[in-house]
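Data from upload_10.pdb: PDB, C-alpha atoms
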```pdb
ATOM      1  CA  MET I   1    -252.692  89.628 162.204  1.00  0.00           C
ATOM      2  CA  LYS I   2    -251.869  88.852 165.810  1.00  0.00           C
ATOM      3  CA  SER I   3    -252.142  85.113 165.235  1.00  0.00           C
ATOM      4  CA  ILE I   4    -249.759  85.345 162.267  1.00  0.00           C
ATOM      5  CA  ARG I   5    -247.220  87.199 164.396  1.00  0.00           C
ATOM      6  CA  ASN I   6    -247.539  84.531 167.062  1.00  0.00           C
ATOM      7  CA  ILE I   7    -246.927  81.788 164.479  1.00  0.00           C
ATOM      8  CA  ILE I   8    -243.856  83.574 163.148  1.00  0.00           C
ATOM      9  CA  LEU I   9    -242.537  84.110 166.688  1.00  0.00           C
ATOM     10  CA  ALA I  10    -243.124  80.465 167.590  1.00  0.00           C
ATOM     11  CA  ALA I  11    -241.354  79.302 164.422  1.00  0.00           C
ATOM     12  CA  SER I  12    -238.405  81.566 165.154  1.00  0.00           C
ATOM     13  CA  LEU I  13    -238.091  80.297 168.713  1.00  0.00           C
ATOM     14  CA  THR I  14    -238.272  76.697 167.493  1.00  0.00           C
ATOM     15  CA  ALA I  15    -235.508  77.334 164.952  1.00  0.00           C
ATOM     16  CA  LEU I  16    -233.342  78.934 167.619  1.00  0.00           C
ATOM     17  CA  GLY I  17    -234.016  76.008 169.907  1.00  0.00           C
ATOM     18  CA  LEU I  18    -233.004  73.485 167.243  1.00  0.00           C
ATOM     19  CA  ALA I  19    -229.829  75.436 166.471  1.00  0.00           C
ATOM     20  CA  SER I  20    -229.013  75.589 170.158  1.00  0.00           C
ATOM     21  CA  CYS I  21    -229.549  71.830 170.536  1.00  0.00           C
ATOM     22  CA  SER I  22    -227.349  71.183 167.490  1.00  0.00           C
ATOM     23  CA  GLU I  23    -224.551  73.346 168.884  1.00  0.00           C
ATOM     24  CA  THR I  24    -224.830  71.695 172.305  1.00  0.00           C
ATOM     25  CA  SER I  25    -224.755  68.242 170.739  1.00  0.00           C
ATOM     26  CA  GLN I  26    -221.669  69.105 168.693  1.00  0.00           C
ATOM     27  CA  LYS I  27    -219.913  70.572 171.714  1.00  0.00           C
ATOM     28  CA  SER I  28    -220.637  67.463 173.815  1.00  0.00           C
ATOM     29  CA  GLU I  29    -219.497  65.237 170.948  1.00  0.00           C
ATOM     30  CA  PHE I  30    -216.049  66.810 171.095  1.00  0.00           C
ATOM     31  CA  ALA I  31    -215.966  67.773 174.789  1.00  0.00           C
ATOM     32  CA  ASP I  32    -212.525  67.316 176.370  1.00  0.00           C
ATOM     33  CA  TRP I  33    -211.387  66.240 172.911  1.00  0.00           C
ATOM     34  CA  LYS I  34    -207.651  66.732 173.456  1.00  0.00           C
ATOM     35  CA  GLU I  35    -207.698  64.779 176.715  1.00  0.00           C
ATOM     36  CA  ARG I  36    -209.799  61.976 175.187  1.00  0.00           C
ATOM     37  CA  ASN I  37    -207.444  61.676 172.234  1.00  0.00           C
ATOM     38  CA  GLU I  38    -204.368  61.664 174.459  1.00  0.00           C
ATOM     39  CA  ALA I  39    -205.941  58.929 176.614  1.00  0.00           C
ATOM     40  CA  PHE I  40    -206.767  56.943 173.467  1.00  0.00           C
ATOM     41  CA  VAL I  41    -203.128  57.116 172.326  1.00  0.00           C
ATOM     42  CA  ASP I  42    -201.891  56.161 175.803  1.00  0.00           C
ATOM     43  CA  SER I  43    -204.125  53.075 175.695  1.00  0.00           C
ATOM     44  CA  LEU I  44    -202.617  52.115 172.336  1.00  0.00           C
ATOM     45  CA  ALA I  45    -199.106  52.581 173.723  1.00  0.00           C
ATOM     46  CA  SER I  46    -199.929  50.269 176.636  1.00  0.00           C
ATOM     47  CA  ALA I  47    -201.344  47.619 174.301  1.00  0.00           C
ATOM     48  CA  ALA I  48    -198.548  47.701 171.702  1.00  0.00           C
ATOM     49  CA  VAL I  49    -196.215  44.686 171.826  1.00  0.00           C
ATOM     50  CA  PRO I  50    -192.729  45.859 172.936  1.00  0.00           C
ATOM     51  CA  GLY I  51    -189.998  45.351 170.363  1.00  0.00           C
ATOM     52  CA  LEU I  52    -192.390  44.288 167.613  1.00  0.00           C
ATOM     53  CA  THR I  53    -191.696  45.681 164.144  1.00  0.00           C
ATOM     54  CA  ALA I  54    -193.482  45.697 160.808  1.00  0.00           C
ATOM     55  CA  GLN I  55    -191.190  42.887 159.694  1.00  0.00           C
ATOM     56  CA  SER I  56    -191.744  40.667 162.737  1.00  0.00           C
ATOM     57  CA  ALA I  57    -195.434  41.388 163.437  1.00  0.00           C
ATOM     58  CA  SER I  58    -198.133  38.886 162.591  1.00  0.00           C
ATOM     59  CA  GLU I  59    -201.522  39.921 161.263  1.00  0.00           C
ATOM     60  CA  GLY I  60    -203.611  41.480 164.044  1.00  0.00           C
ATOM     61  CA  GLN I  61    -200.760  42.346 166.401  1.00  0.00           C
ATOM     62  CA  LEU I  62    -200.424  45.956 167.525  1.00  0.00           C
ATOM     63  CA  PHE I  63    -197.003  47.569 167.180  1.00  0.00           C
ATOM     64  CA  ARG I  64    -195.666  51.093 166.947  1.00  0.00           C
ATOM     65  CA  ILE I  65    -193.325  52.926 164.583  1.00  0.00           C
ATOM     66  CA  LEU I  66    -191.445  56.096 165.517  1.00  0.00           C
ATOM     67  CA  SER I  67    -192.008  59.045 163.173  1.00  0.00           C
ATOM     68  CA  TYR I  68    -189.487  58.909 160.336  1.00  0.00           C
ATOM     69  CA  THR I  69    -188.479  62.494 161.208  1.00  0.00           C
ATOM     70  CA  LEU I  70    -187.120  61.505 164.650  1.00  0.00           C
ATOM     71  CA  ASP I  71    -183.944  59.821 165.888  1.00  0.00           C
ATOM     72  CA  PRO I  72    -184.662  56.111 166.552  1.00  0.00           C
ATOM     73  CA  THR I  73    -181.648  55.817 168.874  1.00  0.00           C
ATOM     74  CA  VAL I  74    -183.446  57.995 171.417  1.00  0.00           C
ATOM     75  CA  THR I  75    -185.613  55.738 173.582  1.00  0.00           C
ATOM     76  CA  ASP I  76    -187.737  58.159 175.619  1.00  0.00           C
ATOM     77  CA  TRP I  77    -189.993  59.729 172.966  1.00  0.00           C
ATOM     78  CA  GLU I  78    -193.541  60.587 174.006  1.00  0.00           C
ATOM     79  CA  ASN I  79    -196.380  58.283 172.950  1.00  0.00           C
ATOM     80  CA  THR I  80    -197.635  60.898 170.487  1.00  0.00           C
ATOM     81  CA  LYS I  81    -194.424  60.596 168.445  1.00  0.00           C
ATOM     82  CA  TYR I  82    -195.328  57.079 167.286  1.00  0.00           C
ATOM     83  CA  VAL I  83    -197.761  55.652 164.759  1.00  0.00           C
ATOM     84  CA  TYR I  84    -199.637  52.605 166.079  1.00  0.00           C
ATOM     85  CA  CYS I  85    -200.258  49.884 163.511  1.00  0.00           C
ATOM     86  CA  ARG I  86    -202.031  46.573 162.928  1.00  0.00           C
ATOM     87  CA  ILE I  87    -201.421  44.461 159.836  1.00  0.00           C
ATOM     88  CA  VAL I  88    -204.840  43.424 158.557  1.00  0.00           C
ATOM     89  CA  LYS I  89    -203.500  41.513 155.558  1.00  0.00           C
ATOM     90  CA  LYS I  90    -200.004  41.043 154.190  1.00  0.00           C
ATOM     91  CA  GLY I  91    -199.454  41.694 150.510  1.00  0.00           C
ATOM     92  CA  ALA I  92    -197.181  39.945 148.048  1.00  0.00           C
ATOM     93  CA  GLY I  93    -194.666  42.809 147.832  1.00  0.00           C
ATOM     94  CA  THR I  94    -191.232  42.656 149.447  1.00  0.00           C
ATOM     95  CA  GLU I  95    -190.049  46.275 149.206  1.00  0.00           C
ATOM     96  CA  SER I  96    -191.147  49.583 150.746  1.00  0.00           C
ATOM     97  CA  PRO I  97    -191.177  53.159 149.427  1.00  0.00           C
ATOM     98  CA  THR I  98    -189.004  55.983 150.728  1.00  0.00           C
ATOM     99  CA  PHE I  99    -190.034  59.528 151.558  1.00  0.00           C
ATOM    100  CA  ALA I 100    -189.040  60.681 148.052  1.00  0.00           C
ATOM    101  CA  ASP I 101    -191.251  58.149 146.244  1.00  0.00           C
ATOM    102  CA  SER I 102    -194.825  58.186 144.945  1.00  0.00           C
ATOM    103  CA  VAL I 103    -197.540  55.783 146.104  1.00  0.00           C
ATOM    104  CA  ARG I 104    -200.972  54.652 145.073  1.00  0.00           C
ATOM    105  CA  ILE I 105    -203.261  53.900 148.028  1.00  0.00           C
ATOM    106  CA  ASN I 106    -206.796  53.090 149.114  1.00  0.00           C
ATOM    107  CA  TYR I 107    -207.660  54.743 152.412  1.00  0.00           C
ATOM    108  CA  ARG I 108    -210.431  55.698 154.793  1.00  0.00           C
ATOM    109  CA  ALA I 109    -209.795  58.151 157.647  1.00  0.00           C
ATOM    110  CA  ARG I 110    -211.872  58.307 160.830  1.00  0.00           C
ATOM    111  CA  LEU I 111    -211.836  60.092 164.159  1.00  0.00           C
ATOM    112  CA  ILE I 112    -211.668  58.060 167.366  1.00  0.00           C
ATOM    113  CA  PRO I 113    -214.960  56.423 168.483  1.00  0.00           C
ATOM    114  CA  SER I 114    -217.577  58.704 170.049  1.00  0.00           C
ATOM    115  CA  ASP I 115    -221.138  58.371 171.317  1.00  0.00           C
ATOM    116  CA  SER I 116    -222.685  59.217 167.950  1.00  0.00           C
ATOM    117  CA  TYR I 117    -220.061  57.374 165.905  1.00  0.00           C
ATOM    118  CA  PRO I 118    -218.952  54.181 167.685  1.00  0.00           C
ATOM    119  CA  GLU I 119    -216.722  53.264 164.734  1.00  0.00           C
ATOM    120  CA  GLY I 120    -215.400  56.816 164.373  1.00  0.00           C
ATOM    121  CA  TYR I 121    -216.690  59.616 162.160  1.00  0.00           C
ATOM    122  CA  VAL I 122    -215.361  59.342 158.580  1.00  0.00           C
ATOM    123  CA  VAL I 123    -213.490  62.535 157.656  1.00  0.00           C
ATOM    124  CA  ASP I 124    -211.915  61.458 154.361  1.00  0.00           C
ATOM    125  CA  GLN I 125    -211.854  58.426 152.072  1.00  0.00           C
ATOM    126  CA  SER I 126    -210.779  57.279 148.637  1.00  0.00           C
ATOM    127  CA  TYR I 127    -213.465  54.598 148.342  1.00  0.00           C
ATOM    128  CA  LYS I 128    -217.181  54.400 149.117  1.00  0.00           C
ATOM    129  CA  THR I 129    -217.707  50.641 149.555  1.00  0.00           C
ATOM    130  CA  PRO I 130    -218.629  49.598 153.130  1.00  0.00           C
ATOM    131  CA  LYS I 131    -215.292  47.835 153.507  1.00  0.00           C
ATOM    132  CA  LEU I 132    -211.964  48.257 151.798  1.00  0.00           C
ATOM    133  CA  ASP I 133    -211.810  45.925 148.784  1.00  0.00           C
ATOM    134  CA  PRO I 134    -208.633  46.268 146.669  1.00  0.00           C
ATOM    135  CA  THR I 135    -210.192  44.206 143.880  1.00  0.00           C
ATOM    136  CA  ILE I 136    -212.751  46.922 143.096  1.00  0.00           C
ATOM    137  CA  ASN I 137    -211.592  50.115 144.853  1.00  0.00           C
ATOM    138  CA  VAL I 138    -209.686  52.601 142.685  1.00  0.00           C
ATOM    139  CA  PRO I 139    -206.605  53.863 144.570  1.00  0.00           C
ATOM    140  CA  LYS I 140    -205.381  57.451 144.580  1.00  0.00           C
ATOM    141  CA  ALA I 141    -201.853  58.576 143.775  1.00  0.00           C
ATOM    142  CA  PHE I 142    -199.787  60.739 146.125  1.00  0.00           C
ATOM    143  CA  VAL I 143    -196.244  61.975 146.474  1.00  0.00           C
ATOM    144  CA  MET I 144    -195.116  60.766 149.892  1.00  0.00           C
ATOM    145  CA  SER I 145    -193.868  64.203 150.885  1.00  0.00           C
ATOM    146  CA  ASN I 146    -197.423  65.565 150.568  1.00  0.00           C
ATOM    147  CA  LEU I 147    -198.862  63.170 153.155  1.00  0.00           C
ATOM    148  CA  VAL I 148    -199.116  63.744 156.900  1.00  0.00           C
ATOM    149  CA  LYS I 149    -196.087  62.489 158.818  1.00  0.00           C
ATOM    150  CA  GLY I 150    -197.941  59.571 160.395  1.00  0.00           C
ATOM    151  CA  MET I 151    -199.215  58.152 157.122  1.00  0.00           C
ATOM    152  CA  ALA I 152    -195.818  58.644 155.447  1.00  0.00           C
ATOM    153  CA  THR I 153    -194.167  56.879 158.376  1.00  0.00           C
ATOM    154  CA  ALA I 154    -196.426  53.835 158.054  1.00  0.00           C
ATOM    155  CA  LEU I 155    -196.141  53.646 154.261  1.00  0.00           C
ATOM    156  CA  GLN I 156    -192.347  53.557 154.461  1.00  0.00           C
ATOM    157  CA  ASN I 157    -192.751  50.274 156.336  1.00  0.00           C
ATOM    158  CA  MET I 158    -195.467  48.754 154.138  1.00  0.00           C
ATOM    159  CA  ASN I 159    -195.092  46.498 151.112  1.00  0.00           C
ATOM    160  CA  GLU I 160    -197.215  46.487 147.970  1.00  0.00           C
ATOM    161  CA  GLY I 161    -200.567  44.834 148.651  1.00  0.00           C
ATOM    162  CA  ASP I 162    -200.415  45.333 152.428  1.00  0.00           C
ATOM    163  CA  ILE I 163    -203.576  46.381 154.269  1.00  0.00           C
ATOM    164  CA  TRP I 164    -203.009  48.050 157.633  1.00  0.00           C
ATOM    165  CA  LYS I 165    -205.054  49.901 160.219  1.00  0.00           C
ATOM    166  CA  ILE I 166    -202.997  52.760 161.605  1.00  0.00           C
ATOM    167  CA  TYR I 167    -203.623  55.172 164.464  1.00  0.00           C
ATOM    168  CA  VAL I 168    -201.970  58.558 163.972  1.00  0.00           C
ATOM    169  CA  PRO I 169    -201.706  60.907 166.995  1.00  0.00           C
ATOM    170  CA  PHE I 170    -202.505  64.566 166.325  1.00  0.00           C
ATOM    171  CA  GLU I 171    -198.832  65.574 166.398  1.00  0.00           C
ATOM    172  CA  LEU I 172    -198.204  63.345 163.354  1.00  0.00           C
ATOM    173  CA  ALA I 173    -201.558  64.152 161.713  1.00  0.00           C
ATOM    174  CA  TYR I 174    -203.236  67.575 161.527  1.00  0.00           C
ATOM    175  CA  GLY I 175    -201.915  69.093 164.733  1.00  0.00           C
ATOM    176  CA  SER I 176    -203.474  71.509 167.204  1.00  0.00           C
ATOM    177  CA  ALA I 177    -205.615  73.405 164.688  1.00  0.00           C
ATOM    178  CA  LYS I 178    -208.904  72.404 163.044  1.00  0.00           C
ATOM    179  CA  SER I 179    -208.518  71.087 159.490  1.00  0.00           C
ATOM    180  CA  GLY I 180    -211.749  70.756 157.509  1.00  0.00           C
ATOM    181  CA  GLU I 181    -213.963  68.318 159.408  1.00  0.00           C
ATOM    182  CA  ILE I 182    -211.085  67.246 161.641  1.00  0.00           C
ATOM    183  CA  PRO I 183    -211.155  68.949 165.066  1.00  0.00           C
ATOM    184  CA  ALA I 184    -207.931  70.153 166.636  1.00  0.00           C
ATOM    185  CA  TYR I 185    -205.954  67.527 168.575  1.00  0.00           C
ATOM    186  CA  SER I 186    -207.515  64.621 166.676  1.00  0.00           C
ATOM    187  CA  THR I 187    -206.015  61.179 166.462  1.00  0.00           C
ATOM    188  CA  VAL I 188    -206.832  59.926 162.959  1.00  0.00           C
ATOM    189  CA  VAL I 189    -207.484  56.241 162.308  1.00  0.00           C
ATOM    190  CA  PHE I 190    -206.720  55.085 158.760  1.00  0.00           C
ATOM    191  CA  ASP I 191    -207.701  51.910 156.962  1.00  0.00           C
ATOM    192  CA  LEU I 192    -204.778  51.881 154.547  1.00  0.00           C
ATOM    193  CA  ASN I 193    -203.887  49.737 151.532  1.00  0.00           C
ATOM    194  CA  MET I 194    -200.793  50.393 149.429  1.00  0.00           C
ATOM    195  CA  THR I 195    -201.263  48.988 145.952  1.00  0.00           C
ATOM    196  CA  GLU I 196    -198.135  50.362 144.286  1.00  0.00           C
ATOM    197  CA  PHE I 197    -195.159  52.650 144.656  1.00  0.00           C
ATOM    198  CA  ALA I 198    -192.671  54.200 142.258  1.00  0.00           C
ATOM    199  CA  VAL I 199    -189.210  55.475 143.099  1.00  0.00           C
ATOM    200  CA  ALA I 200    -188.494  59.174 142.661  1.00  0.00           C
ATOM    201  CA  GLY I 201    -188.224  60.149 139.003  1.00  0.00           C
ATOM    202  CA  LYS I 202    -190.276  57.209 137.745  1.00  0.00           C
ATOM    203  CA  PRO I 203    -194.034  57.251 137.091  1.00  0.00           C
ATOM    204  CA  LEU I 204    -196.665  55.045 138.630  1.00  0.00           C
ATOM    205  CA  SER I 205    -198.333  52.608 136.265  1.00  0.00           C
ATOM    206  CA  ARG I 206    -201.410  53.711 134.358  1.00  0.00           C
ATOM    207  CA  LEU I 207    -204.697  52.365 135.721  1.00  0.00           C
TER     208      LEU I 207
END
```
Could you render the structure as structure tokens?
Amino acid sequence: MKSIRNIILAASLTALGLASCSETSQKSEFADWKERNEAFVDSLASAAVPGLTAQSASEGQLFRILSYTLDPTVTDWENTKYVYCRIVKKGAGTESPTFADSVRINYRARLIPSDSYPEGYVVDQSYKTPKLDPTINVPKAFVMSNLVKGMATALQNMNEGDIWKIYVPFELAYGSAKSGEIPAYSTVVFDLNMTEFAVAGKPLSRL
């Protein structure tokens, strides 16, 4: 009987130890998370090409777009008020949606790189292939007004067929509160492909 009690006690202590290690690991993974995310955004702001726009940028260049909700004539907005963008591939489209329109997109959302996830932990995605492939991925439909401000800002500057990588500071993403698997104060990195948009009052095409 005594040996059985000892086994049960040992098993319980081991379980507690594993839980403690898991909690410690998770805490260290997101330690100083707000500060790390703010530093990440500041590094993007320093690297962005001044004066570059979605229309003038070449593939691979980093540029920034002020949130569509803010006054572009004001020049001293904080770095967290911008979405940072790289054009991965330009599409054949020549027009962009407005905030009132609907879009169909392929996307993958990640957190910023960390020790355990050097490419960023995936928190949401519309496709499961290793890389975004518009020829086989099935896009999802959204009303622009239902998207986070940062994604809606980028999409209003994208054309059909465009593939961008965008970096959305927490103020234009999910804010200062935890949302699902997304910790508070998280910059969210999206691989984003807009395949189609429809103006308000008109439907998207049937897939």
Against stretch 51-59 of chain I, which residues of stretch 80-198 of chain I fall within 12 Å? For each one I want the closest pair of atoms and the distance in Å (one decimal), counting all atoms listed in the file, rows by chain and increasing residue number, as a tab-separated table.
```
residue	atom	partner	partner_atom	distance
I:Val83	CA	I:Ala54	CA	11.5
I:Tyr84	CA	I:Ala54	CA	10.6
I:Cys85	CA	I:Ala54	CA	8.4
I:Arg86	CA	I:Glu59	CA	6.9
I:Ile87	CA	I:Glu59	CA	4.8
I:Val88	CA	I:Glu59	CA	5.5
I:Lys89	CA	I:Glu59	CA	6.2
I:Lys90	CA	I:Glu59	CA	7.3
I:Gly91	CA	I:Glu59	CA	11.1
I:Thr94	CA	I:Gln55	CA	10.2
I:Glu95	CA	I:Gln55	CA	11.1
I:Ser96	CA	I:Ala54	CA	11.0
I:Thr153	CA	I:Ala54	CA	11.5
I:Ala154	CA	I:Ala54	CA	9.1
I:Leu155	CA	I:Ala54	CA	10.6
I:Gln156	CA	I:Ala54	CA	10.2
I:Asn157	CA	I:Ala54	CA	6.4
I:Met158	CA	I:Ala54	CA	7.6
I:Asn159	CA	I:Ala54	CA	9.9
I:Asp162	CA	I:Glu59	CA	10.4
I:Ile163	CA	I:Glu59	CA	9.7
I:Trp164	CA	I:Glu59	CA	9.0
I:Lys165	CA	I:Glu59	CA	10.6
I:Ile166	CA	I:Ala54	CA	11.9
```
Quick one: contact table of stretch 89-179 of chain I to stretch 27-42 of chain I, 10 Å max, nearest atom pair and distance in Å to one decimal per residue, counting all atoms listed in the file, chain and number order, as a tab-separated table?
```
residue	atom	partner	partner_atom	distance
I:Leu111	CA	I:Asn37	CA	9.3
I:Ile112	CA	I:Asn37	CA	7.4
I:Pro113	CA	I:Phe40	CA	9.6
I:Ser114	CA	I:Glu29	CA	6.9
I:Asp115	CA	I:Glu29	CA	7.1
I:Ser116	CA	I:Glu29	CA	7.4
I:Tyr117	CA	I:Glu29	CA	9.4
I:Tyr167	CA	I:Val41	CA	8.1
I:Val168	CA	I:Val41	CA	8.6
I:Pro169	CA	I:Val41	CA	6.7
I:Phe170	CA	I:Asn37	CA	8.2
I:Ser176	CA	I:Lys34	CA	8.9
```
Take the PyMOL selection byres ((chain I and resi 78) around 12), apply it to the structure above, and return the hits as a PyMOL selection string. chain I and resi 38+41-42+45+66-67+70+74-77+79-83+169+171-172
When you look at I:Ala109 with a cut-off of 7 Å (counting all atoms listed in the file), what residues show up, excluding the ones that are within fewer than 4 positions of it in the same chain? I need them as a CSV table (one decimal) with C-alpha atoms, keeping the file's coordinate frame.
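Below you can see selection.csv, which holds the result:
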```csv
chain,number,residue,atom,x,y,z
I,122,VAL,CA,-215.4,59.3,158.6
I,123,VAL,CA,-213.5,62.5,157.7
I,124,ASP,CA,-211.9,61.5,154.4
I,125,GLN,CA,-211.9,58.4,152.1
I,188,VAL,CA,-206.8,59.9,163.0
I,189,VAL,CA,-207.5,56.2,162.3
I,190,PHE,CA,-206.7,55.1,158.8
I,191,ASP,CA,-207.7,51.9,157.0
```
What is the atom CA of I:Asn106-atom CA of I:Ser186 distance in Å, reported with one decimal?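 Value for the atom CA of I:Asn106-atom CA of I:Ser186 distance: 21.0 Å.
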Quick one: residues within 12 Å of I:Phe197, only C-alpha atoms, excluding same-chain residues fewer than 5 positions away - as a PyMOL selection string? chain I and resi 93-105+139-144+155-156+158-162+202-205
Work out how far apart atom CA of I:Val49 and atom CA of I:Arg64 are and give it in Å to one decimal.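 We find that atom CA of I:Val49 and atom CA of I:Arg64 lie 8.1 Å from each other.
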note - atom CA of I:Pro118 and atom CA of I:Pro50 are separated by 28.0 Å
Of the listed residues I:Val199, I:Leu44, I:Thr73, I:Ile136, that which approaches I:Gln61 most closely, counting all atoms listed in the file: I:Leu44
Kindly list the centre and edge lengths in Å, rounded to one decimal, for the axis-aligned box that covers all listed atoms of stretch 61-74 of chain I plus 4 Å on each of its six sides, as lines of an AutoDock Vina configuration file.
```
center_x = -191.2
center_y = 52.4
center_z = 165.9
size_x = 27.1
size_y = 28.1
size_z = 19.1
```
